[in-house]
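A.B. asks: See query11.pdb below, with PDB, N, CA and C atoms.
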ATOM      1  N   MET A 125       0.855  -1.180   0.000
ATOM      2  CA  MET A 125       0.000   0.000   0.000
ATOM      3  C   MET A 125       0.897   1.238   0.000
ATOM      4  N   PRO A 126       0.635   2.226  -0.899
ATOM      5  CA  PRO A 126       1.496   3.385  -0.977
ATOM      6  C   PRO A 126       1.362   4.261   0.262
ATOM      7  N   ASP A 127       2.479   4.884   0.612
ATOM      8  CA  ASP A 127       2.490   5.857   1.691
ATOM      9  C   ASP A 127       1.565   7.000   1.286
ATOM     10  N   SER A 128       0.898   7.622   2.260
ATOM     11  CA  SER A 128      -0.044   8.696   1.934
ATOM     12  C   SER A 128       0.661   9.856   1.238
ATOM     13  N   ASP A 129       1.966  10.076   1.543
ATOM     14  CA  ASP A 129       2.709  11.135   0.869
ATOM     15  C   ASP A 129       2.894  10.833  -0.609
ATOM     16  N   GLU A 130       2.916   9.548  -0.981
ATOM     17  CA  GLU A 130       3.085   9.166  -2.370
ATOM     18  C   GLU A 130       1.777   9.243  -3.146
ATOM     19  N   ALA A 131       0.667   9.360  -2.447
ATOM     20  CA  ALA A 131      -0.636   9.392  -3.097
ATOM     21  C   ALA A 131      -1.003  10.784  -3.608
ATOM     22  N   VAL A 132      -0.211  11.784  -3.222
ATOM     23  CA  VAL A 132      -0.503  13.154  -3.637
ATOM     24  C   VAL A 132       0.746  13.825  -4.178
ATOM     25  N   VAL A 133       0.525  14.873  -4.940
ATOM     26  CA  VAL A 133       1.586  15.727  -5.449
ATOM     27  C   VAL A 133       1.427  17.071  -4.755
ATOM     28  N   ARG A 134       2.459  17.487  -4.036
ATOM     29  CA  ARG A 134       2.431  18.792  -3.370
ATOM     30  C   ARG A 134       3.055  19.827  -4.294
ATOM     31  N   VAL A 135       2.292  20.902  -4.546
ATOM     32  CA  VAL A 135       2.770  21.977  -5.413
ATOM     33  C   VAL A 135       2.455  23.318  -4.778
ATOM     34  N   LYS A 136       3.164  24.343  -5.236
ATOM     35  CA  LYS A 136       2.855  25.708  -4.829
ATOM     36  C   LYS A 136       2.113  26.364  -5.982
ATOM     37  N   VAL A 137       1.041  27.072  -5.681
ATOM     38  CA  VAL A 137       0.284  27.803  -6.696
ATOM     39  C   VAL A 137       0.409  29.285  -6.376
ATOM     40  N   VAL A 138       0.903  30.056  -7.340
ATOM     41  CA  VAL A 138       1.085  31.497  -7.183
ATOM     42  C   VAL A 138       0.057  32.196  -8.068
ATOM     43  N   PHE A 139      -0.659  33.137  -7.473
ATOM     44  CA  PHE A 139      -1.714  33.858  -8.179
ATOM     45  C   PHE A 139      -1.223  35.254  -8.570
ATOM     46  N   HIS A 140      -1.562  35.689  -9.779
ATOM     47  CA  HIS A 140      -1.187  37.015 -10.266
ATOM     48  C   HIS A 140      -2.436  37.787 -10.677
ATOM     49  N   ALA A 141      -2.320  39.111 -10.637
ATOM     50  CA  ALA A 141      -3.338  40.037 -11.145
ATOM     51  C   ALA A 141      -4.730  39.736 -10.600
ATOM     52  N   GLU A 142      -5.717  39.584 -11.494
ATOM     53  CA  GLU A 142      -7.105  39.403 -11.043
ATOM     54  C   GLU A 142      -7.297  38.109 -10.251
ATOM     55  N   PHE A 143      -6.456  37.124 -10.493
ATOM     56  CA  PHE A 143      -6.566  35.867  -9.752
ATOM     57  C   PHE A 143      -6.158  36.081  -8.294
ATOM     58  N   ARG A 144      -5.111  36.870  -8.076
ATOM     59  CA  ARG A 144      -4.696  37.191  -6.710
ATOM     60  C   ARG A 144      -5.763  38.021  -6.010
ATOM     61  N   ARG A 145      -6.340  38.980  -6.722
ATOM     62  CA  ARG A 145      -7.402  39.795  -6.120
ATOM     63  C   ARG A 145      -8.599  38.934  -5.737
ATOM     64  N   ALA A 146      -8.928  37.961  -6.570
ATOM     65  CA  ALA A 146     -10.083  37.090  -6.286
ATOM     66  C   ALA A 146      -9.829  36.180  -5.093
ATOM     67  N   VAL A 147      -8.599  35.699  -4.958
ATOM     68  CA  VAL A 147      -8.257  34.771  -3.885
ATOM     69  C   VAL A 147      -7.933  35.514  -2.594
ATOM     70  N   GLY A 148      -7.267  36.654  -2.725
ATOM     71  CA  GLY A 148      -6.903  37.434  -1.549
ATOM     72  C   GLY A 148      -5.556  37.055  -0.935
ATOM     73  N   VAL A 149      -4.847  36.134  -1.566
ATOM     74  CA  VAL A 149      -3.508  35.757  -1.111
ATOM     75  C   VAL A 149      -2.600  35.624  -2.327
ATOM     76  N   LYS A 150      -1.290  35.691  -2.070
ATOM     77  CA  LYS A 150      -0.325  35.588  -3.163
ATOM     78  C   LYS A 150      -0.142  34.149  -3.621
ATOM     79  N   GLU A 151      -0.111  33.214  -2.661
ATOM     80  CA  GLU A 151       0.154  31.820  -3.022
ATOM     81  C   GLU A 151      -0.446  30.867  -2.012
ATOM     82  N   VAL A 152      -0.609  29.626  -2.445
ATOM     83  CA  VAL A 152      -1.090  28.548  -1.576
ATOM     84  C   VAL A 152      -0.308  27.278  -1.892
ATOM     85  N   GLU A 153      -0.255  26.393  -0.923
ATOM     86  CA  GLU A 153       0.268  25.048  -1.135
ATOM     87  C   GLU A 153      -0.933  24.162  -1.439
ATOM     88  N   LEU A 154      -0.770  23.239  -2.351
ATOM     89  CA  LEU A 154      -1.878  22.403  -2.788
ATOM     90  C   LEU A 154      -1.407  20.958  -2.875
ATOM     91  N   GLU A 155      -2.253  20.036  -2.456
ATOM     92  CA  GLU A 155      -1.985  18.608  -2.605
ATOM     93  C   GLU A 155      -3.001  18.037  -3.576
ATOM     94  N   VAL A 156      -2.500  17.548  -4.709
ATOM     95  CA  VAL A 156      -3.354  17.022  -5.768
ATOM     96  C   VAL A 156      -3.131  15.508  -5.844
ATOM     97  N   PRO A 157      -4.218  14.708  -5.875
ATOM     98  CA  PRO A 157      -4.053  13.254  -5.981
ATOM     99  C   PRO A 157      -3.288  12.868  -7.244
ATOM    100  N   ARG A 158      -2.430  11.855  -7.116
ATOM    101  CA  ARG A 158      -1.678  11.331  -8.262
ATOM    102  C   ARG A 158      -2.557  10.458  -9.124
ATOM    103  N   PRO A 159      -2.309  10.321 -10.394
ATOM    104  CA  PRO A 159      -1.423  11.166 -11.184
ATOM    105  C   PRO A 159      -2.079  12.523 -11.379
ATOM    106  N   ALA A 160      -1.294  13.568 -11.409
ATOM    107  CA  ALA A 160      -1.850  14.919 -11.425
ATOM    108  C   ALA A 160      -1.492  15.658 -12.706
ATOM    109  N   THR A 161      -2.462  16.455 -13.172
ATOM    110  CA  THR A 161      -2.249  17.325 -14.330
ATOM    111  C   THR A 161      -2.629  18.747 -13.936
ATOM    112  N   VAL A 162      -2.316  19.687 -14.809
ATOM    113  CA  VAL A 162      -2.729  21.076 -14.600
ATOM    114  C   VAL A 162      -4.243  21.136 -14.441
ATOM    115  N   ARG A 163      -4.967  20.399 -15.260
ATOM    116  CA  ARG A 163      -6.438  20.389 -15.179
ATOM    117  C   ARG A 163      -6.901  19.946 -13.789
ATOM    118  N   ASP A 164      -6.256  18.921 -13.225
ATOM    119  CA  ASP A 164      -6.613  18.447 -11.881
ATOM    120  C   ASP A 164      -6.370  19.531 -10.835
ATOM    121  N   ALA A 165      -5.224  20.198 -10.936
ATOM    122  CA  ALA A 165      -4.905  21.265  -9.982
ATOM    123  C   ALA A 165      -5.908  22.413 -10.104
ATOM    124  N   LEU A 166      -6.247  22.789 -11.335
ATOM    125  CA  LEU A 166      -7.226  23.864 -11.536
ATOM    126  C   LEU A 166      -8.597  23.482 -10.984
ATOM    127  N   ALA A 167      -8.995  22.231 -11.200
ATOM    128  CA  ALA A 167     -10.289  21.777 -10.675
ATOM    129  C   ALA A 167     -10.303  21.838  -9.149
ATOM    130  N   MET A 168      -9.192  21.483  -8.524
ATOM    131  CA  MET A 168      -9.118  21.540  -7.074
ATOM    132  C   MET A 168      -9.190  22.984  -6.583
ATOM    133  N   ILE A 169      -8.492  23.884  -7.272
ATOM    134  CA  ILE A 169      -8.545  25.304  -6.909
ATOM    135  C   ILE A 169      -9.960  25.831  -7.076
ATOM    136  N   ALA A 170     -10.606  25.505  -8.190
ATOM    137  CA  ALA A 170     -11.976  25.965  -8.445
ATOM    138  C   ALA A 170     -12.933  25.478  -7.360
ATOM    139  N   GLY A 171     -12.723  24.255  -6.873
ATOM    140  CA  GLY A 171     -13.575  23.716  -5.820
ATOM    141  C   GLY A 171     -13.359  24.367  -4.472
ATOM    142  N   ARG A 172     -12.172  24.898  -4.238
ATOM    143  CA  ARG A 172     -11.842  25.496  -2.939
ATOM    144  C   ARG A 172     -11.979  27.006  -2.901
ATOM    145  N   VAL A 173     -11.935  27.643  -4.075
ATOM    146  CA  VAL A 173     -11.978  29.107  -4.144
ATOM    147  C   VAL A 173     -13.138  29.519  -5.041
ATOM    148  N   PRO A 174     -14.317  29.696  -4.447
ATOM    149  CA  PRO A 174     -15.497  30.031  -5.256
ATOM    150  C   PRO A 174     -15.297  31.245  -6.170
ATOM    151  N   ALA A 175     -14.505  32.210  -5.729
ATOM    152  CA  ALA A 175     -14.290  33.407  -6.547
ATOM    153  C   ALA A 175     -13.555  33.095  -7.848
ATOM    154  N   LEU A 176     -12.825  31.992  -7.888
ATOM    155  CA  LEU A 176     -12.096  31.622  -9.103
ATOM    156  C   LEU A 176     -12.811  30.569  -9.937
ATOM    157  N   LYS A 177     -13.832  29.959  -9.396
ATOM    158  CA  LYS A 177     -14.492  28.849 -10.086
ATOM    159  C   LYS A 177     -14.948  29.239 -11.491
ATOM    160  N   ALA A 178     -15.649  30.343 -11.616
ATOM    161  CA  ALA A 178     -16.149  30.763 -12.928
ATOM    162  C   ALA A 178     -15.003  31.089 -13.875
ATOM    163  N   MET A 179     -13.947  31.754 -13.376
ATOM    164  CA  MET A 179     -12.803  32.100 -14.227
ATOM    165  C   MET A 179     -12.105  30.843 -14.739
ATOM    166  N   ILE A 180     -11.900  29.877 -13.849
ATOM    167  CA  ILE A 180     -11.218  28.644 -14.231
ATOM    168  C   ILE A 180     -12.072  27.829 -15.188
ATOM    169  N   ASN A 181     -13.355  27.663 -14.877
ATOM    170  CA  ASN A 181     -14.236  26.893 -15.763
ATOM    171  C   ASN A 181     -14.330  27.536 -17.135
ATOM    172  N   HIS A 182     -14.387  28.869 -17.177
ATOM    173  CA  HIS A 182     -14.459  29.579 -18.456
ATOM    174  C   HIS A 182     -13.172  29.362 -19.254
ATOM    175  N   ALA A 183     -12.043  29.460 -18.581
ATOM    176  CA  ALA A 183     -10.761  29.282 -19.276
ATOM    177  C   ALA A 183     -10.633  27.875 -19.839
ATOM    178  N   ILE A 184     -11.019  26.879 -19.070
ATOM    179  CA  ILE A 184     -10.892  25.493 -19.523
ATOM    180  C   ILE A 184     -11.921  25.162 -20.602
ATOM    181  N   SER A 185     -13.091  25.789 -20.555
ATOM    182  CA  SER A 185     -14.139  25.477 -21.532
ATOM    183  C   SER A 185     -13.830  26.059 -22.909
ATOM    184  N   GLN A 186     -12.957  27.043 -22.974
ATOM    185  CA  GLN A 186     -12.558  27.616 -24.258
ATOM    186  C   GLN A 186     -11.633  26.628 -24.959
ATOM    187  N   ALA A 187     -11.100  27.032 -26.079
ATOM    188  CA  ALA A 187     -10.181  26.153 -26.825
ATOM    189  C   ALA A 187      -8.843  26.110 -26.104
ATOM    190  N   GLY A 188      -8.876  25.668 -24.860
ATOM    191  CA  GLY A 188      -7.663  25.582 -24.053
ATOM    192  C   GLY A 188      -7.391  26.869 -23.314
ATOM    193  N   LEU A 189      -6.317  26.839 -22.566
ATOM    194  CA  LEU A 189      -5.910  28.024 -21.833
ATOM    195  C   LEU A 189      -5.251  28.999 -22.790
ATOM    196  N   GLY A 190      -5.043  30.200 -22.347
ATOM    197  CA  GLY A 190      -4.318  31.175 -23.152
ATOM    198  C   GLY A 190      -5.115  32.427 -23.429
ATOM    199  N   SER A 191      -6.376  32.274 -23.823
ATOM    200  CA  SER A 191      -7.161  33.463 -24.131
ATOM    201  C   SER A 191      -7.761  34.093 -22.876
ATOM    202  N   HIS A 192      -7.890  33.331 -21.789
ATOM    203  CA  HIS A 192      -8.473  33.859 -20.554
ATOM    204  C   HIS A 192      -7.551  33.687 -19.353
ATOM    205  N   MET A 193      -6.603  32.774 -19.456
ATOM    206  CA  MET A 193      -5.721  32.466 -18.350
ATOM    207  C   MET A 193      -4.507  31.739 -18.919
ATOM    208  N   VAL A 194      -3.355  32.024 -18.348
ATOM    209  CA  VAL A 194      -2.137  31.309 -18.712
ATOM    210  C   VAL A 194      -1.635  30.620 -17.453
ATOM    211  N   ILE A 195      -1.256  29.372 -17.598
ATOM    212  CA  ILE A 195      -0.674  28.623 -16.496
ATOM    213  C   ILE A 195       0.775  28.321 -16.849
ATOM    214  N   SER A 196       1.662  28.592 -15.915
ATOM    215  CA  SER A 196       3.045  28.167 -16.128
ATOM    216  C   SER A 196       3.429  27.203 -15.014
ATOM    217  N   ILE A 197       4.313  26.280 -15.355
ATOM    218  CA  ILE A 197       4.889  25.360 -14.377
ATOM    219  C   ILE A 197       6.394  25.587 -14.435
ATOM    220  N   ASN A 198       6.926  26.027 -13.305
ATOM    221  CA  ASN A 198       8.368  26.276 -13.207
ATOM    222  C   ASN A 198       8.865  27.168 -14.352
ATOM    223  N   GLY A 199       8.048  28.185 -14.696
ATOM    224  CA  GLY A 199       8.443  29.161 -15.705
ATOM    225  C   GLY A 199       8.141  28.789 -17.146
ATOM    226  N   GLN A 200       7.555  27.624 -17.380
ATOM    227  CA  GLN A 200       7.219  27.183 -18.737
ATOM    228  C   GLN A 200       5.704  27.145 -18.905
ATOM    229  N   ILE A 201       5.202  27.698 -19.995
ATOM    230  CA  ILE A 201       3.764  27.680 -20.260
ATOM    231  C   ILE A 201       3.307  26.227 -20.349
ATOM    232  N   ALA A 202       2.165  25.937 -19.712
ATOM    233  CA  ALA A 202       1.663  24.564 -19.639
ATOM    234  C   ALA A 202       0.266  24.471 -20.233
ATOM    235  N   SER A 203      -0.089  23.274 -20.672
ATOM    236  CA  SER A 203      -1.446  22.997 -21.167
ATOM    237  C   SER A 203      -2.216  22.288 -20.065
ATOM    238  N   PRO A 204      -3.543  22.168 -20.204
ATOM    239  CA  PRO A 204      -4.339  21.483 -19.180
ATOM    240  C   PRO A 204      -3.887  20.045 -18.928
ATOM    241  N   ASN A 205      -3.321  19.395 -19.924
ATOM    242  CA  ASN A 205      -2.918  17.996 -19.763
ATOM    243  C   ASN A 205      -1.469  17.807 -19.326
ATOM    244  N   THR A 206      -0.767  18.907 -19.068
ATOM    245  CA  THR A 206       0.617  18.810 -18.599
ATOM    246  C   THR A 206       0.650  18.165 -17.219
ATOM    247  N   SER A 207       1.553  17.218 -17.036
ATOM    248  CA  SER A 207       1.708  16.549 -15.739
ATOM    249  C   SER A 207       2.268  17.518 -14.708
ATOM    250  N   VAL A 208       1.827  17.335 -13.466
ATOM    251  CA  VAL A 208       2.304  18.123 -12.338
ATOM    252  C   VAL A 208       3.133  17.193 -11.458
ATOM    253  N   GLN A 209       4.336  17.638 -11.123
ATOM    254  CA  GLN A 209       5.268  16.834 -10.337
ATOM    255  C   GLN A 209       5.445  17.432  -8.947
ATOM    256  N   PRO A 210       5.847  16.619  -7.977
ATOM    257  CA  PRO A 210       6.077  17.142  -6.623
ATOM    258  C   PRO A 210       7.058  18.313  -6.643
ATOM    259  N   GLY A 211       6.704  19.363  -5.912
ATOM    260  CA  GLY A 211       7.562  20.536  -5.811
ATOM    261  C   GLY A 211       7.403  21.548  -6.921
ATOM    262  N   ASP A 212       6.560  21.266  -7.922
ATOM    263  CA  ASP A 212       6.353  22.220  -9.008
ATOM    264  C   ASP A 212       5.742  23.514  -8.484
ATOM    265  N   GLU A 213       6.030  24.594  -9.202
ATOM    266  CA  GLU A 213       5.401  25.879  -8.925
ATOM    267  C   GLU A 213       4.491  26.230 -10.092
ATOM    268  N   LEU A 214       3.195  26.302  -9.844
ATOM    269  CA  LEU A 214       2.225  26.691 -10.854
ATOM    270  C   LEU A 214       1.900  28.163 -10.655
ATOM    271  N   ARG A 215       1.812  28.891 -11.735
ATOM    272  CA  ARG A 215       1.426  30.303 -11.673
ATOM    273  C   ARG A 215       0.204  30.521 -12.549
ATOM    274  N   LEU A 216      -0.806  31.171 -11.968
ATOM    275  CA  LEU A 216      -1.985  31.568 -12.721
ATOM    276  C   LEU A 216      -1.776  33.016 -13.138
ATOM    277  N   LEU A 217      -1.709  33.234 -14.456
ATOM    278  CA  LEU A 217      -1.394  34.528 -15.016
ATOM    279  C   LEU A 217      -2.505  35.010 -15.934
ATOM    280  N   PRO A 218      -2.640  36.330 -16.081
ATOM    281  CA  PRO A 218      -3.582  36.833 -17.081
ATOM    282  C   PRO A 218      -3.021  36.535 -18.468
ATOM    283  N   PRO A 219      -3.842  36.627 -19.512
ATOM    284  CA  PRO A 219      -3.356  36.371 -20.880
ATOM    285  C   PRO A 219      -2.169  37.279 -21.208
ATOM    286  N   ILE A 220      -1.248  36.753 -21.958
ATOM    287  CA  ILE A 220      -0.059  37.493 -22.352
ATOM    288  C   ILE A 220      -0.307  38.090 -23.729
ATOM    289  N   SER A 221      -0.010  39.375 -23.854
ATOM    290  CA  SER A 221      -0.159  40.016 -25.168
ATOM    291  C   SER A 221       1.084  40.831 -25.465
ATOM    292  N   GLY A 222       1.304  41.049 -26.706
ATOM    293  CA  GLY A 222       2.478  41.826 -27.120
ATOM    294  C   GLY A 222       2.059  43.073 -27.854
ATOM    295  N   GLY A 223       2.999  43.879 -28.147
ATOM    296  CA  GLY A 223       2.638  45.108 -28.816
ATOM    297  C   GLY A 223       3.669  45.655 -29.695
TER     298      GLY A 223
END
Give the structure from this file in structure tokens form.
C.D. replies:
Amino acid sequence: MPDSDEAVVRVKVVFHAEFRRAVGVKEVELEVPRPATVRDALAMIAGRVPALKAMINHAISQAGLGSHMVISINGQIASPNTSVQPGDELRLLPPISGG
């Protein structure tokens, strides 16, 4: 039987811009059941933070992330199906635009 620590992936989630305003904190620690993806982490956040639920569901329901929300893992842009590993840092960012 796996150790309970092996049954979850512990990650740090950092909120930026409107996501930070909605949550009211800069970051949280999150434990996501294995195997974990960005989508799993977002679903867990949406379930725990009602103020973000609509934003997260809207972002995921579109043609992927990017137009409403950008997620990075350890500084690299991630898709909803990207695997999440122990110790990863996820950042919820507003859409990136250039000029």
A.B. asks: For Ile169 of chain A, please output as a PyMOL selection string all residues within 10 Å (counting only C-alpha atoms; exclusion window: fewer than 3 positions along the same chain).
C.D. replies: chain A and resi 137+147+152+154+156+163-166+172-177+180
A.B. asks: Mind pulling up the distance from atom N of Asn205 of chain A to atom CA of Ala141 of chain A?
C.D. replies: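 Atom-to-atom, atom CA of Ala141 of chain A and atom N of Asn205 of chain A are spaced 22.4 Å apart.
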A.B. asks: From the options A:Ile184, A:Arg215, A:Met179, A:Glu151, which residue's atoms come nearest to Gly199 of chain A, counting all atoms listed in the file?
C.D. replies: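 Of A:Ile184, A:Arg215, A:Met179, A:Glu151, the one nearest Gly199 of chain A, counting all atoms listed in the file, is A:Arg215.
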A.B. asks: Atom N of Met193 of chain A and atom CA of Ile220 of chain A are how many Å apart?
C.D. replies: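 We find that atom N of Met193 of chain A and atom CA of Ile220 of chain A lie 8.6 Å from each other.
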A.B. asks: Enumerate as a VMD selection string all residues of chain A assigned to alpha helix (DSSP H) by DSSP on the backbone, naming them with the chain letters and numbers the document uses.
C.D. replies: chain A and resid 141 to 147 162 to 172 174 to 185
A.B. asks: Name all residues at most 5 Å from Ile197 of chain A (count only N, CA and C atoms; drop same-chain ones fewer than 5 positions away) and give them as a list in words.
C.D. replies: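 My list of contacting residues is Ala202, Glu213 and Leu214 of chain A.
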A.B. asks: So which residues get picked by the PyMOL selection byres ((chain A and resi 210) around 8) here, written as a PyMOL selection string?
C.D. replies: chain A and resi 132-136+207-209+211-213
A.B. asks: Just the strand (DSSP E) stuff from segment 126-205 of chain A, please, per backbone DSSP, written as JSON, numbers by chain.
C.D. replies: {"A": [132, 133, 134, 135, 136, 137, 138, 139, 151, 152, 153, 154, 155, 156, 157, 194, 195, 196, 197, 200, 201]}
A.B. asks: With N, CA and C atoms retained, write the just-selected residues as a PDB file, in the frame of the given file.
C.D. replies:
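Final output, selection20.pdb:
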ATOM      1  N   VAL A 132      -0.211  11.784  -3.222  1.00  0.00           N
ATOM      2  CA  VAL A 132      -0.503  13.154  -3.637  1.00  0.00           C
ATOM      3  C   VAL A 132       0.746  13.825  -4.178  1.00  0.00           C
ATOM      4  N   VAL A 133       0.525  14.873  -4.940  1.00  0.00           N
ATOM      5  CA  VAL A 133       1.586  15.727  -5.449  1.00  0.00           C
ATOM      6  C   VAL A 133       1.427  17.071  -4.755  1.00  0.00           C
ATOM      7  N   ARG A 134       2.459  17.487  -4.036  1.00  0.00           N
ATOM      8  CA  ARG A 134       2.431  18.792  -3.370  1.00  0.00           C
ATOM      9  C   ARG A 134       3.055  19.827  -4.294  1.00  0.00           C
ATOM     10  N   VAL A 135       2.292  20.902  -4.546  1.00  0.00           N
ATOM     11  CA  VAL A 135       2.770  21.977  -5.413  1.00  0.00           C
ATOM     12  C   VAL A 135       2.455  23.318  -4.778  1.00  0.00           C
ATOM     13  N   LYS A 136       3.164  24.343  -5.236  1.00  0.00           N
ATOM     14  CA  LYS A 136       2.855  25.708  -4.829  1.00  0.00           C
ATOM     15  C   LYS A 136       2.113  26.364  -5.982  1.00  0.00           C
ATOM     16  N   VAL A 137       1.041  27.072  -5.681  1.00  0.00           N
ATOM     17  CA  VAL A 137       0.284  27.803  -6.696  1.00  0.00           C
ATOM     18  C   VAL A 137       0.409  29.285  -6.376  1.00  0.00           C
ATOM     19  N   VAL A 138       0.903  30.056  -7.340  1.00  0.00           N
ATOM     20  CA  VAL A 138       1.085  31.497  -7.183  1.00  0.00           C
ATOM     21  C   VAL A 138       0.057  32.196  -8.068  1.00  0.00           C
ATOM     22  N   PHE A 139      -0.659  33.137  -7.473  1.00  0.00           N
ATOM     23  CA  PHE A 139      -1.714  33.858  -8.179  1.00  0.00           C
ATOM     24  C   PHE A 139      -1.223  35.254  -8.570  1.00  0.00           C
ATOM     25  N   GLU A 151      -0.111  33.214  -2.661  1.00  0.00           N
ATOM     26  CA  GLU A 151       0.154  31.820  -3.022  1.00  0.00           C
ATOM     27  C   GLU A 151      -0.446  30.867  -2.012  1.00  0.00           C
ATOM     28  N   VAL A 152      -0.609  29.626  -2.445  1.00  0.00           N
ATOM     29  CA  VAL A 152      -1.090  28.548  -1.576  1.00  0.00           C
ATOM     30  C   VAL A 152      -0.308  27.278  -1.892  1.00  0.00           C
ATOM     31  N   GLU A 153      -0.255  26.393  -0.923  1.00  0.00           N
ATOM     32  CA  GLU A 153       0.268  25.048  -1.135  1.00  0.00           C
ATOM     33  C   GLU A 153      -0.933  24.162  -1.439  1.00  0.00           C
ATOM     34  N   LEU A 154      -0.770  23.239  -2.351  1.00  0.00           N
ATOM     35  CA  LEU A 154      -1.878  22.403  -2.788  1.00  0.00           C
ATOM     36  C   LEU A 154      -1.407  20.958  -2.875  1.00  0.00           C
ATOM     37  N   GLU A 155      -2.253  20.036  -2.456  1.00  0.00           N
ATOM     38  CA  GLU A 155      -1.985  18.608  -2.605  1.00  0.00           C
ATOM     39  C   GLU A 155      -3.001  18.037  -3.576  1.00  0.00           C
ATOM     40  N   VAL A 156      -2.500  17.548  -4.709  1.00  0.00           N
ATOM     41  CA  VAL A 156      -3.354  17.022  -5.768  1.00  0.00           C
ATOM     42  C   VAL A 156      -3.131  15.508  -5.844  1.00  0.00           C
ATOM     43  N   PRO A 157      -4.218  14.708  -5.875  1.00  0.00           N
ATOM     44  CA  PRO A 157      -4.053  13.254  -5.981  1.00  0.00           C
ATOM     45  C   PRO A 157      -3.288  12.868  -7.244  1.00  0.00           C
ATOM     46  N   VAL A 194      -3.355  32.024 -18.348  1.00  0.00           N
ATOM     47  CA  VAL A 194      -2.137  31.309 -18.712  1.00  0.00           C
ATOM     48  C   VAL A 194      -1.635  30.620 -17.453  1.00  0.00           C
ATOM     49  N   ILE A 195      -1.256  29.372 -17.598  1.00  0.00           N
ATOM     50  CA  ILE A 195      -0.674  28.623 -16.496  1.00  0.00           C
ATOM     51  C   ILE A 195       0.775  28.321 -16.849  1.00  0.00           C
ATOM     52  N   SER A 196       1.662  28.592 -15.915  1.00  0.00           N
ATOM     53  CA  SER A 196       3.045  28.167 -16.128  1.00  0.00           C
ATOM     54  C   SER A 196       3.429  27.203 -15.014  1.00  0.00           C
ATOM     55  N   ILE A 197       4.313  26.280 -15.355  1.00  0.00           N
ATOM     56  CA  ILE A 197       4.889  25.360 -14.377  1.00  0.00           C
ATOM     57  C   ILE A 197       6.394  25.587 -14.435  1.00  0.00           C
ATOM     58  N   GLN A 200       7.555  27.624 -17.380  1.00  0.00           N
ATOM     59  CA  GLN A 200       7.219  27.183 -18.737  1.00  0.00           C
ATOM     60  C   GLN A 200       5.704  27.145 -18.905  1.00  0.00           C
ATOM     61  N   ILE A 201       5.202  27.698 -19.995  1.00  0.00           N
ATOM     62  CA  ILE A 201       3.764  27.680 -20.260  1.00  0.00           C
ATOM     63  C   ILE A 201       3.307  26.227 -20.349  1.00  0.00           C
TER      64      ILE A 201
END
A.B. asks: Quick check, in Å to one decimal: how far apart do atom CA of Thr206 of chain A and atom CA of Met168 of chain A lie?
C.D. replies: 15.3 Å
A.B. asks: For a quick check of understanding, using only N, CA and C atoms, which of A:Val162, A:Ala131, A:Ala167, A:Val138 has the smallest distance to Asn181 of chain A?
C.D. replies: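 Ranking A:Val162, A:Ala131, A:Ala167, A:Val138 by distance to Asn181 of chain A, first place goes to A:Ala167.
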A.B. asks: Using only C-alpha atoms, which protein or nucleic acid residues come within 8 Å of His140 of chain A? Drop anything in the same chain fewer than 2 positions from it, and give the result as a CSV table (one decimal) with N, CA and C atoms, keeping the file's coordinate frame.
C.D. replies:
chain,number,residue,atom,x,y,z
A,138,VAL,N,0.9,30.1,-7.3
A,138,VAL,CA,1.1,31.5,-7.2
A,138,VAL,C,0.1,32.2,-8.1
A,142,GLU,N,-5.7,39.6,-11.5
A,142,GLU,CA,-7.1,39.4,-11.0
A,142,GLU,C,-7.3,38.1,-10.3
A,143,PHE,N,-6.5,37.1,-10.5
A,143,PHE,CA,-6.6,35.9,-9.8
A,143,PHE,C,-6.2,36.1,-8.3
A,144,ARG,N,-5.1,36.9,-8.1
A,144,ARG,CA,-4.7,37.2,-6.7
A,144,ARG,C,-5.8,38.0,-6.0
A,145,ARG,N,-6.3,39.0,-6.7
A,145,ARG,CA,-7.4,39.8,-6.1
A,145,ARG,C,-8.6,38.9,-5.7
A,150,LYS,N,-1.3,35.7,-2.1
A,150,LYS,CA,-0.3,35.6,-3.2
A,150,LYS,C,-0.1,34.1,-3.6
A,215,ARG,N,1.8,28.9,-11.7
A,215,ARG,CA,1.4,30.3,-11.7
A,215,ARG,C,0.2,30.5,-12.5
A,216,LEU,N,-0.8,31.2,-12.0
A,216,LEU,CA,-2.0,31.6,-12.7
A,216,LEU,C,-1.8,33.0,-13.1
A,217,LEU,N,-1.7,33.2,-14.5
A,217,LEU,CA,-1.4,34.5,-15.0
A,217,LEU,C,-2.5,35.0,-15.9
A,218,PRO,N,-2.6,36.3,-16.1
A,218,PRO,CA,-3.6,36.8,-17.1
A,218,PRO,C,-3.0,36.5,-18.5
A.B. asks: Around all listed atoms of segment 176-180 of chain A, padded 5 Å per side, what centre and edge lengths does the axis-aligned box have in Å to one decimal, as lines of an AutoDock Vina configuration file?
C.D. replies:
center_x = -13.7
center_y = 30.0
center_z = -11.5
size_x = 14.9
size_y = 14.3
size_z = 17.3
